[in-house]
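Structure data follow from upload_9.tsv (TSV, C-alpha atoms):
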chain	number	residue	atom	x	y	z
I	544	MET	CA	43.49	-115.10	92.05
I	545	THR	CA	42.25	-111.55	91.77
I	546	THR	CA	43.38	-109.20	94.54
I	547	ARG	CA	41.32	-106.13	95.27
I	548	SER	CA	41.80	-103.33	97.75
I	549	ARG	CA	38.97	-102.02	99.88
I	550	GLU	CA	39.21	-98.88	97.73
I	551	ASP	CA	38.47	-100.97	94.60
I	552	VAL	CA	35.45	-102.49	96.34
I	553	VAL	CA	34.03	-99.12	97.41
I	554	GLN	CA	34.60	-97.65	93.93
I	555	ALA	CA	32.86	-100.60	92.28
I	556	ALA	CA	29.96	-100.36	94.73
I	557	GLY	CA	29.62	-96.66	93.88
I	558	ARG	CA	29.43	-97.45	90.17
I	559	LEU	CA	26.82	-100.18	90.60
I	560	PHE	CA	24.65	-98.25	93.08
I	561	ALA	CA	24.67	-95.28	90.69
I	562	ALA	CA	23.78	-97.42	87.66
I	563	ARG	CA	21.24	-99.83	89.18
I	564	GLY	CA	20.22	-98.30	92.47
I	565	PHE	CA	20.99	-99.75	95.88
I	566	HIS	CA	18.16	-102.30	95.83
I	567	GLY	CA	18.99	-103.27	92.25
I	568	THR	CA	22.58	-104.20	93.18
I	569	SER	CA	23.32	-107.55	94.86
I	570	MET	CA	26.54	-108.61	96.57
I	571	ARG	CA	26.79	-111.13	93.77
I	572	ASP	CA	26.72	-108.32	91.15
I	573	LEU	CA	29.50	-106.66	93.09
I	574	GLY	CA	31.53	-109.87	93.14
I	575	ASP	CA	31.06	-110.22	89.37
I	576	GLU	CA	32.10	-106.61	88.77
I	577	LEU	CA	35.29	-107.17	90.76
I	578	GLY	CA	35.98	-110.72	89.62
I	579	LEU	CA	35.78	-111.87	93.25
I	580	LEU	CA	34.01	-114.83	94.74
I	581	GLY	CA	31.60	-114.30	97.63
I	582	SER	CA	34.07	-115.46	100.27
I	583	SER	CA	36.80	-113.02	99.14
I	584	LEU	CA	34.30	-110.19	98.92
I	585	TYR	CA	33.09	-110.78	102.47
I	586	SER	CA	36.66	-110.44	103.71
I	587	HIS	CA	36.41	-106.79	102.58
I	588	VAL	CA	32.92	-105.84	103.71
I	589	GLU	CA	30.32	-106.97	106.18
I	590	SER	CA	27.26	-105.88	104.22
I	591	LYS	CA	25.87	-103.93	101.31
I	592	GLU	CA	24.58	-101.31	103.78
I	593	GLN	CA	28.12	-100.78	105.09
I	594	LEU	CA	29.34	-100.18	101.53
I	595	LEU	CA	26.54	-97.73	100.87
I	596	ILE	CA	27.50	-95.82	104.01
I	597	GLU	CA	31.12	-95.58	102.83
I	598	VAL	CA	30.22	-94.51	99.30
I	599	VAL	CA	27.86	-91.88	100.65
I	600	GLN	CA	30.35	-90.58	103.24
I	601	ARG	CA	33.04	-90.13	100.61
I	602	GLY	CA	30.61	-88.24	98.42
I	603	ALA	CA	29.55	-86.08	101.34
I	604	ALA	CA	33.16	-85.24	102.25
I	605	LEU	CA	33.83	-83.85	98.76
I	606	PHE	CA	30.85	-81.50	98.91
I	607	GLN	CA	31.55	-80.44	102.49
I	608	ALA	CA	35.14	-79.47	101.68
I	609	LEU	CA	33.78	-77.17	98.97
I	610	ALA	CA	31.19	-75.60	101.27
I	611	ASP	CA	33.72	-75.01	104.06
I	612	SER	CA	36.19	-73.33	101.73
I	613	VAL	CA	33.53	-71.04	100.22
I	614	ALA	CA	32.02	-70.19	103.61
I	615	ALA	CA	35.46	-69.23	104.96
I	616	SER	CA	36.15	-66.79	102.11
I	617	ASP	CA	35.23	-63.11	102.31
I	618	ARG	CA	33.98	-62.75	98.75
I	619	PRO	CA	30.64	-61.02	98.04
I	620	PRO	CA	27.51	-63.27	98.04
I	621	ALA	CA	27.18	-63.46	94.23
I	622	GLU	CA	30.76	-64.71	93.94
I	623	LYS	CA	30.20	-67.23	96.72
I	624	VAL	CA	27.15	-68.63	94.92
I	625	ALA	CA	29.13	-68.84	91.68
I	626	ALA	CA	31.96	-70.65	93.50
I	627	LEU	CA	29.50	-73.11	95.06
I	628	VAL	CA	27.88	-73.80	91.68
I	629	ARG	CA	31.21	-74.25	89.86
I	630	GLY	CA	32.65	-76.43	92.64
I	631	HIS	CA	29.53	-78.59	92.76
I	632	VAL	CA	29.59	-79.14	88.99
I	633	ASP	CA	33.29	-80.01	89.20
I	634	ILE	CA	32.69	-82.61	91.95
I	635	ILE	CA	29.82	-84.26	90.06
I	636	THR	CA	31.56	-84.34	86.70
I	637	SER	CA	34.79	-85.68	88.26
I	638	ASN	CA	33.15	-88.18	90.68
I	639	GLN	CA	29.82	-88.97	89.09
I	640	GLU	CA	29.19	-92.33	90.79
I	641	GLN	CA	29.96	-91.26	94.35
I	642	SER	CA	27.99	-88.05	93.91
I	643	ALA	CA	24.98	-89.80	92.43
I	644	THR	CA	24.89	-92.30	95.27
I	645	PHE	CA	25.26	-89.58	97.93
I	646	LEU	CA	22.52	-87.52	96.36
I	647	ASN	CA	20.05	-90.21	95.21
I	648	GLU	CA	20.50	-93.47	97.11
I	649	ALA	CA	20.98	-92.33	100.71
I	650	ARG	CA	17.27	-92.91	101.34
I	651	PHE	CA	18.06	-96.66	101.30
I	652	LEU	CA	20.52	-96.44	104.20
I	653	PRO	CA	19.59	-98.10	107.49
I	654	ALA	CA	18.22	-95.60	110.02
I	655	ASP	CA	21.51	-94.76	111.78
I	656	GLY	CA	23.41	-94.22	108.57
I	657	ARG	CA	20.54	-92.20	107.13
I	658	THR	CA	20.51	-89.85	110.09
I	659	ALA	CA	24.26	-89.29	109.74
I	660	ILE	CA	23.86	-88.44	106.05
I	661	VAL	CA	20.87	-86.20	106.59
I	662	ILE	CA	23.02	-84.22	109.02
I	663	LEU	CA	25.82	-83.93	106.42
I	664	ARG	CA	23.37	-82.85	103.71
I	665	ASP	CA	21.72	-80.33	106.00
I	666	ARG	CA	25.13	-78.88	106.81
I	667	TYR	CA	25.92	-78.56	103.11
I	668	GLU	CA	22.52	-76.99	102.36
I	669	GLU	CA	23.04	-74.65	105.33
I	670	THR	CA	25.99	-73.06	103.52
I	671	PHE	CA	23.75	-72.27	100.54
I	672	ARG	CA	21.07	-70.85	102.86
I	673	GLU	CA	23.58	-68.63	104.66
I	674	VAL	CA	25.12	-67.29	101.46
I	675	ILE	CA	21.67	-66.53	100.01
I	676	ALA	CA	20.50	-64.94	103.28
I	677	GLU	CA	23.64	-62.78	103.25
I	678	GLY	CA	22.89	-61.73	99.66
I	679	VAL	CA	19.30	-60.80	100.57
I	680	ALA	CA	20.43	-58.92	103.69
I	681	ARG	CA	22.98	-56.90	101.70
I	682	GLY	CA	20.48	-56.18	98.92
I	683	ALA	CA	22.60	-58.08	96.36
I	684	PHE	CA	19.75	-60.60	95.84
I	685	ARG	CA	16.01	-59.92	95.62
I	686	ASP	CA	13.92	-60.49	98.74
I	687	GLN	CA	13.20	-64.24	99.01
I	688	ASN	CA	13.04	-67.15	101.44
I	689	PRO	CA	16.67	-68.38	101.72
I	690	ALA	CA	15.63	-71.91	102.78
I	691	LEU	CA	13.38	-72.37	99.75
I	692	ALA	CA	15.85	-70.64	97.40
I	693	SER	CA	18.66	-72.96	98.52
I	694	ILE	CA	16.48	-75.98	97.70
I	695	LEU	CA	15.85	-74.58	94.20
I	696	VAL	CA	19.55	-73.93	93.58
I	697	LEU	CA	20.46	-77.41	94.80
I	698	SER	CA	17.73	-78.89	92.59
I	699	VAL	CA	19.49	-77.45	89.54
I	700	LEU	CA	22.88	-78.68	90.75
I	701	ASN	CA	21.93	-82.16	91.92
I	702	ALA	CA	19.98	-83.11	88.79
I	703	LEU	CA	23.32	-83.03	86.97
I	704	THR	CA	24.12	-86.53	88.31
I	705	ARG	CA	21.18	-87.80	86.29
I	706	TRP	CA	21.76	-86.10	82.95
I	707	TYR	CA	25.52	-85.51	82.72
I	708	ARG	CA	27.33	-87.67	80.17
I	709	ARG	CA	31.06	-87.41	79.56
I	710	SER	CA	30.29	-87.75	75.86
I	711	GLY	CA	27.63	-85.00	75.98
I	712	ALA	CA	27.48	-81.84	73.89
I	713	GLN	CA	28.65	-79.51	76.70
I	714	SER	CA	31.91	-79.52	78.63
I	715	PRO	CA	31.79	-79.26	82.45
I	716	GLU	CA	32.91	-75.62	82.11
I	717	GLU	CA	30.08	-74.79	79.69
I	718	ILE	CA	27.58	-76.48	81.99
I	719	ALA	CA	28.93	-74.54	84.99
I	720	ASP	CA	28.72	-71.23	83.05
I	721	ALA	CA	25.12	-71.96	82.06
I	722	MET	CA	24.18	-72.91	85.63
I	723	VAL	CA	25.77	-69.80	87.16
I	724	ALA	CA	23.89	-67.59	84.66
I	725	PHE	CA	20.61	-69.44	85.30
I	726	VAL	CA	20.92	-69.43	89.09
I	727	MET	CA	21.87	-65.74	89.21
I	728	ASP	CA	19.61	-64.32	86.48
I	729	GLY	CA	17.08	-66.98	85.42
I	730	LEU	CA	15.85	-67.20	81.85
I	731	GLN	CA	15.34	-63.47	81.40
N	890	MET	CA	-12.69	-111.13	101.08
N	891	THR	CA	-11.20	-107.82	100.01
N	892	THR	CA	-12.21	-106.63	96.56
N	893	ARG	CA	-9.94	-104.21	94.72
N	894	SER	CA	-10.27	-102.52	91.37
N	895	ARG	CA	-7.40	-102.32	88.92
N	896	GLU	CA	-7.36	-98.59	89.73
N	897	ASP	CA	-6.70	-99.42	93.43
N	898	VAL	CA	-3.86	-101.71	92.42
N	899	VAL	CA	-2.21	-99.11	90.16
N	900	GLN	CA	-2.60	-96.41	92.82
N	901	ALA	CA	-1.03	-98.63	95.49
N	902	ALA	CA	1.81	-99.56	93.14
N	903	GLY	CA	2.44	-95.85	92.55
N	904	ARG	CA	2.65	-95.20	96.29
N	905	LEU	CA	5.05	-98.09	96.92
N	906	PHE	CA	7.30	-97.40	93.92
N	907	ALA	CA	7.54	-93.76	95.03
N	908	ALA	CA	8.35	-94.67	98.64
N	909	ARG	CA	10.67	-97.66	98.16
N	910	GLY	CA	11.72	-97.56	94.54
N	911	PHE	CA	10.76	-100.11	91.91
N	912	HIS	CA	13.39	-102.67	92.95
N	913	GLY	CA	12.57	-102.17	96.62
N	914	THR	CA	8.91	-103.09	96.08
N	915	SER	CA	7.90	-106.75	95.79
N	916	MET	CA	4.58	-108.12	94.57
N	917	ARG	CA	4.19	-109.39	98.10
N	918	ASP	CA	4.53	-105.82	99.48
N	919	LEU	CA	1.85	-104.80	97.03
N	920	GLY	CA	-0.42	-107.62	98.18
N	921	ASP	CA	0.11	-106.58	101.81
N	922	GLU	CA	-0.64	-102.93	100.99
N	923	LEU	CA	-3.91	-103.94	99.34
N	924	GLY	CA	-4.82	-106.73	101.74
N	925	LEU	CA	-4.80	-109.18	98.80
N	926	LEU	CA	-3.27	-112.62	98.56
N	927	GLY	CA	-0.89	-113.37	95.69
N	928	SER	CA	-3.49	-115.25	93.67
N	929	SER	CA	-6.04	-112.38	93.78
N	930	LEU	CA	-3.32	-109.87	92.94
N	931	TYR	CA	-2.24	-111.84	89.89
N	932	SER	CA	-5.80	-111.73	88.60
N	933	HIS	CA	-5.27	-107.95	88.24
N	934	VAL	CA	-1.76	-107.75	86.86
N	935	GLU	CA	0.71	-109.92	85.01
N	936	SER	CA	3.89	-108.42	86.45
N	937	LYS	CA	5.48	-105.63	88.44
N	938	GLU	CA	6.90	-104.24	85.17
N	939	GLN	CA	3.39	-103.98	83.72
N	940	LEU	CA	2.28	-102.00	86.78
N	941	LEU	CA	5.28	-99.68	86.50
N	942	ILE	CA	4.40	-99.04	82.86
N	943	GLU	CA	0.83	-98.09	83.84
N	944	VAL	CA	1.88	-95.83	86.71
N	945	VAL	CA	4.40	-94.12	84.50
N	946	GLN	CA	1.98	-93.69	81.58
N	947	ARG	CA	-0.63	-92.07	83.81
N	948	GLY	CA	1.99	-89.69	85.16
N	949	ALA	CA	3.14	-88.88	81.64
N	950	ALA	CA	-0.41	-88.17	80.45
N	951	LEU	CA	-0.92	-85.52	83.15
N	952	PHE	CA	2.24	-83.63	82.19
N	953	GLN	CA	1.56	-83.94	78.47
N	954	ALA	CA	-1.95	-82.48	78.79
N	955	LEU	CA	-0.38	-79.43	80.47
N	956	ALA	CA	2.30	-79.05	77.78
N	957	ASP	CA	-0.23	-79.36	74.95
N	958	SER	CA	-2.53	-76.75	76.44
N	959	VAL	CA	0.32	-74.26	77.03
N	960	ALA	CA	1.84	-74.86	73.57
N	961	ALA	CA	-1.55	-74.24	71.92
N	962	SER	CA	-2.00	-70.85	73.65
N	963	ASP	CA	-0.81	-67.60	72.09
N	964	ARG	CA	0.52	-66.02	75.27
N	965	PRO	CA	3.99	-64.42	75.33
N	966	PRO	CA	6.93	-66.73	76.23
N	967	ALA	CA	7.32	-65.51	79.82
N	968	GLU	CA	3.65	-66.27	80.52
N	969	LYS	CA	3.97	-69.67	78.89
N	970	VAL	CA	6.95	-70.53	81.11
N	971	ALA	CA	5.01	-69.36	84.18
N	972	ALA	CA	2.01	-71.51	83.12
N	973	LEU	CA	4.27	-74.55	82.63
N	974	VAL	CA	5.88	-74.04	86.04
N	975	ARG	CA	2.56	-73.53	87.85
N	976	GLY	CA	0.93	-76.47	86.07
N	977	HIS	CA	3.88	-78.75	86.82
N	978	VAL	CA	3.83	-77.84	90.52
N	979	ASP	CA	0.09	-78.45	90.60
N	980	ILE	CA	0.45	-81.91	89.04
N	981	ILE	CA	3.20	-82.95	91.44
N	982	THR	CA	1.52	-81.64	94.57
N	983	SER	CA	-1.82	-83.23	93.58
N	984	ASN	CA	-0.39	-86.56	92.31
N	985	GLN	CA	2.90	-86.95	94.09
N	986	GLU	CA	3.25	-90.73	93.79
N	987	GLN	CA	2.50	-91.03	90.08
N	988	SER	CA	4.70	-88.04	89.30
N	989	ALA	CA	7.61	-89.34	91.36
N	990	THR	CA	7.46	-92.70	89.66
N	991	PHE	CA	7.23	-91.18	86.17
N	992	LEU	CA	10.15	-88.88	86.90
N	993	ASN	CA	12.43	-91.12	88.99
N	994	GLU	CA	11.71	-94.80	88.44
N	995	ALA	CA	11.24	-95.06	84.67
N	996	ARG	CA	14.88	-96.14	84.33
N	997	PHE	CA	13.81	-99.52	85.77
N	998	LEU	CA	11.31	-100.20	82.99
N	999	PRO	CA	12.04	-103.03	80.58
N	1000	ALA	CA	13.56	-101.79	77.31
N	1001	ASP	CA	10.31	-101.40	75.33
N	1002	GLY	CA	8.52	-99.55	78.09
N	1003	ARG	CA	11.56	-97.37	78.69
N	1004	THR	CA	11.70	-96.30	75.07
N	1005	ALA	CA	8.02	-95.38	75.15
N	1006	ILE	CA	8.55	-93.23	78.26
N	1007	VAL	CA	11.71	-91.59	76.95
N	1008	ILE	CA	9.65	-90.51	73.92
N	1009	LEU	CA	6.95	-89.06	76.19
N	1010	ARG	CA	9.50	-87.24	78.34
N	1011	ASP	CA	11.32	-85.89	75.30
N	1012	ARG	CA	8.02	-84.60	73.96
N	1013	TYR	CA	7.31	-82.85	77.25
N	1014	GLU	CA	10.84	-81.37	77.41
N	1015	GLU	CA	10.43	-80.29	73.77
N	1016	THR	CA	7.64	-77.92	74.82
N	1017	PHE	CA	9.97	-76.23	77.31
N	1018	ARG	CA	12.72	-76.00	74.67
N	1019	GLU	CA	10.36	-74.44	72.14
N	1020	VAL	CA	8.97	-71.89	74.57
N	1021	ILE	CA	12.48	-70.90	75.69
N	1022	ALA	CA	13.72	-70.74	72.07
N	1023	GLU	CA	10.75	-68.51	71.25
N	1024	GLY	CA	11.63	-66.24	74.20
N	1025	VAL	CA	15.26	-66.00	73.06
N	1026	ALA	CA	14.23	-65.33	69.44
N	1027	ARG	CA	11.86	-62.54	70.50
N	1028	GLY	CA	14.46	-61.03	72.84
N	1029	ALA	CA	12.25	-61.66	75.89
N	1030	PHE	CA	14.91	-63.99	77.36
N	1031	ARG	CA	18.70	-63.56	77.38
N	1032	ASP	CA	20.69	-65.43	74.72
N	1033	GLN	CA	21.12	-69.05	75.87
N	1034	ASN	CA	21.02	-72.66	74.71
N	1035	PRO	CA	17.31	-73.63	74.87
N	1036	ALA	CA	18.08	-77.36	75.21
N	1037	LEU	CA	20.33	-76.83	78.22
N	1038	ALA	CA	18.03	-74.17	79.72
N	1039	SER	CA	15.04	-76.52	79.50
N	1040	ILE	CA	17.01	-79.17	81.44
N	1041	LEU	CA	17.79	-76.61	84.17
N	1042	VAL	CA	14.15	-75.50	84.44
N	1043	LEU	CA	12.96	-79.11	84.59
N	1044	SER	CA	15.61	-79.85	87.24
N	1045	VAL	CA	14.02	-77.25	89.51
N	1046	LEU	CA	10.53	-78.59	88.81
N	1047	ASN	CA	11.21	-82.32	89.03
N	1048	ALA	CA	13.13	-82.16	92.32
N	1049	LEU	CA	9.83	-81.17	93.93
N	1050	THR	CA	8.76	-84.84	93.97
N	1051	ARG	CA	11.65	-85.47	96.35
N	1052	TRP	CA	11.24	-82.61	98.81
N	1053	TYR	CA	7.53	-81.70	98.76
N	1054	ARG	CA	5.61	-82.63	101.91
N	1055	ARG	CA	1.93	-81.87	102.33
N	1056	SER	CA	2.74	-80.85	105.90
N	1057	GLY	CA	5.59	-78.56	104.78
N	1058	ALA	CA	5.98	-74.87	105.56
N	1059	GLN	CA	4.93	-73.67	102.07
N	1060	SER	CA	1.65	-74.17	100.24
N	1061	PRO	CA	1.73	-75.37	96.61
N	1062	GLU	CA	0.88	-71.79	95.55
N	1063	GLU	CA	3.80	-70.31	97.51
N	1064	ILE	CA	6.14	-72.93	96.03
N	1065	ALA	CA	4.88	-72.16	92.51
N	1066	ASP	CA	5.36	-68.39	93.07
N	1067	ALA	CA	8.92	-68.95	94.31
N	1068	MET	CA	9.72	-71.23	91.36
N	1069	VAL	CA	8.35	-68.82	88.76
N	1070	ALA	CA	10.44	-65.98	90.27
N	1071	PHE	CA	13.55	-68.17	90.42
N	1072	VAL	CA	13.18	-69.57	86.90
N	1073	MET	CA	12.52	-66.13	85.38
N	1074	ASP	CA	14.92	-63.96	87.43
N	1075	GLY	CA	17.26	-66.20	89.43
N	1076	LEU	CA	18.51	-65.15	92.85
N	1077	GLN	CA	19.32	-61.57	91.89
Take the structure in the file and give it back as structure tokens.
Amino acid sequence: MTTRSREDVVQAAGRLFAARGFHGTSMRDLGDELGLLGSSLYSHVESKEQLLIEVVQRGAALFQALADSVAASDRPPAEKVAALVRGHVDIITSNQEQSATFLNEARFLPADGRTAIVILRDRYEETFREVIAEGVARGAFRDQNPALASILVLSVLNALTRWYRRSGAQSPEEIADAMVAFVMDGLQ
Amino acid sequence: MTTRSREDVVQAAGRLFAARGFHGTSMRDLGDELGLLGSSLYSHVESKEQLLIEVVQRGAALFQALADSVAASDRPPAEKVAALVRGHVDIITSNQEQSATFLNEARFLPADGRTAIVILRDRYEETFREVIAEGVARGAFRDQNPALASILVLSVLNALTRWYRRSGAQSPEEIADAMVAFVMDGLQ
């Protein structure tokens, strides 16, 4: 009989949610992926929603650790933005499934879980807003709305979960270099 | 008895796919949304997949018309990029449901439909690549990989389907202005 840890179950759920979406993944798919029958699977988890919450929380924790470490540093704003961009690319390229689920599938959480995740995402976005506001205040960045600018930066970063392929033409480092250049200087 | 045109059905499908995802929307949901019983609904459409194909094709046609008109103009590259950005924002803010489905749900199409949409999206992205390559070749833009740069620009643009709210703090024009500035010059 196959034995699986809770960690295996959460990892498999992350892969399936990322590939098929939350609604497109059944508990039966998850059992098949793990080689577990329904009864063994239900000894690990109560529900698909509970698994989504765990996958999303693990994803959130990775991003928050990055934000906290950058926010606590005393580097100039441009270096902080570069560190956030490089760290975000590193998290996505190293943990693509968990990141994709955190960023794309959280809308399918039940209301309580969704509120918890919205708070985590807002906190993460807040770090970007503060760093950009600091850059504007110091004259390092052009005058702009930090809330809107942080959404645009995160748009560039988060889309990576959708187009990144390990077999792709660019390495994570090349992607991070291109993103830092684009976010700081644009096309021109 | 409620009478609905095929146009009503496709519009409603676009709204539901955008709100709940393709897998999260059942034909029954669609019937409820339209006030139609199953039998009347099936007189309009064969399947949910067929509806997704139509929603996605209409979305694609809007974006392609923009790309063709910009590509045919003889404006300098920076103006072409600005026209693409403004046009894209206009399409999303005027047709949020169709755009969201084209951009986010096409992965759920059956294989044939998916291939057709991938071709349409590649053609649209190709316009961005060409305009950026032209800008690099003329020295109007810094030296960069046009394929990667076009993905980054489209990341900024496409995320709008996820965060735009008609009731939001910024008008479509203010959002377009901010995006043009960000795409051309970045934060600095």
Provide as a PyMOL selection string the residues of chain I at most 7 Å from chain N, counting only C-alpha atoms. chain I and resi 566-567+683-685+695+698-699+702+725-731
12 Å contact set for Leu580 in chain I, only C-alpha atoms, chain neighbours under 3 positions out, as an MDAnalysis selection string: chainID I and resid 544:547 570:577 583:587
What is the distance, in Å and to one decimal place, between CA of Gly711 in chain I and CA of Pro999 in chain N?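 So the answer is 24.3 Å.
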Just to confirm, what's the straight-line distance from CA of Val978 in chain N to CA of Glu717 in chain I in Å (one decimal)?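 Going from CA of Val978 in chain N over to CA of Glu717 in chain I covers 28.6 Å.
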Go ahead and compute the interatomic distance for CA of Ala971 in chain N and CA of Glu673 in chain I, in Å to one decimal.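 These two atoms are separated by 27.7 Å.
With all atoms listed in the file as the basis for measurement, I:Arg601 is the residue among I:Arg549, I:Arg558, I:Arg629, I:Arg601 that approaches Leu663 in chain I most closely.
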Report as a compact mmCIF listing (two decimals) with C-alpha atoms, keeping the file's coordinate frame all protein, DNA and RNA residues lying within 9 Å of Ala989 in chain N, evaluated on all atoms listed in the file, omitting residues in the same chain fewer than 6 positions from it.
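out_2.txt, freshly written:
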# COMPACT_ATOMS: atom_id res chain seq x y z
CA GLY N 903 2.44 -95.85 92.55
CA PHE N 906 7.30 -97.40 93.92
CA ALA N 907 7.54 -93.76 95.03
CA VAL N 945 4.40 -94.12 84.50
CA GLY N 948 1.99 -89.69 85.16
CA ILE N 981 3.20 -82.95 91.44
CA ASN N 1047 11.21 -82.32 89.03
CA LEU N 1049 9.83 -81.17 93.93
CA THR N 1050 8.76 -84.84 93.97
CA ARG N 1051 11.65 -85.47 96.35
I need the residue nearest Asp611 in chain I from this list: I:Glu648, I:Asp655, I:Glu592, I:Glu668. Use only C-alpha atoms for the distance. I:Glu668
Generate a file for range 904-918 of chain N, containing N, CA and C atoms, as a compact mmCIF listing (two decimals), in the first residue's frame.
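Wrote it out as decode-v9.txt, contents follow:
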# COMPACT_ATOMS: atom_id res chain seq x y z
N ARG N 904 -19.61 36.59 -19.25
CA ARG N 904 -19.65 37.10 -17.87
C ARG N 904 -19.36 35.98 -16.87
N LEU N 905 -20.00 34.83 -17.05
CA LEU N 905 -19.83 33.75 -16.08
C LEU N 905 -18.43 33.15 -16.13
N PHE N 906 -17.91 32.95 -17.34
CA PHE N 906 -16.54 32.38 -17.44
C PHE N 906 -15.56 33.33 -16.75
N ALA N 907 -15.77 34.65 -16.95
CA ALA N 907 -14.84 35.62 -16.36
C ALA N 907 -14.95 35.59 -14.84
N ALA N 908 -16.17 35.44 -14.32
CA ALA N 908 -16.37 35.53 -12.87
C ALA N 908 -15.99 34.22 -12.17
N ARG N 909 -16.32 33.08 -12.77
CA ARG N 909 -16.18 31.80 -12.06
C ARG N 909 -15.18 30.87 -12.71
N GLY N 910 -14.65 31.25 -13.85
CA GLY N 910 -13.78 30.33 -14.58
C GLY N 910 -14.63 29.39 -15.42
N PHE N 911 -14.01 28.80 -16.43
CA PHE N 911 -14.72 27.90 -17.33
C PHE N 911 -15.24 26.67 -16.58
N HIS N 912 -14.34 26.04 -15.79
CA HIS N 912 -14.74 24.83 -15.07
C HIS N 912 -15.75 25.13 -13.97
N GLY N 913 -15.75 26.36 -13.46
CA GLY N 913 -16.66 26.71 -12.38
C GLY N 913 -18.05 27.09 -12.87
N THR N 914 -18.24 27.13 -14.19
CA THR N 914 -19.52 27.52 -14.77
C THR N 914 -20.18 26.29 -15.39
N SER N 915 -21.41 25.99 -14.96
CA SER N 915 -22.14 24.87 -15.56
C SER N 915 -23.18 25.40 -16.55
N MET N 916 -23.64 24.53 -17.43
CA MET N 916 -24.70 24.94 -18.35
C MET N 916 -25.94 25.35 -17.55
N ARG N 917 -26.11 24.73 -16.40
CA ARG N 917 -27.24 25.10 -15.55
C ARG N 917 -27.10 26.53 -15.04
N ASP N 918 -25.87 26.91 -14.61
CA ASP N 918 -25.62 28.31 -14.20
C ASP N 918 -26.00 29.26 -15.32
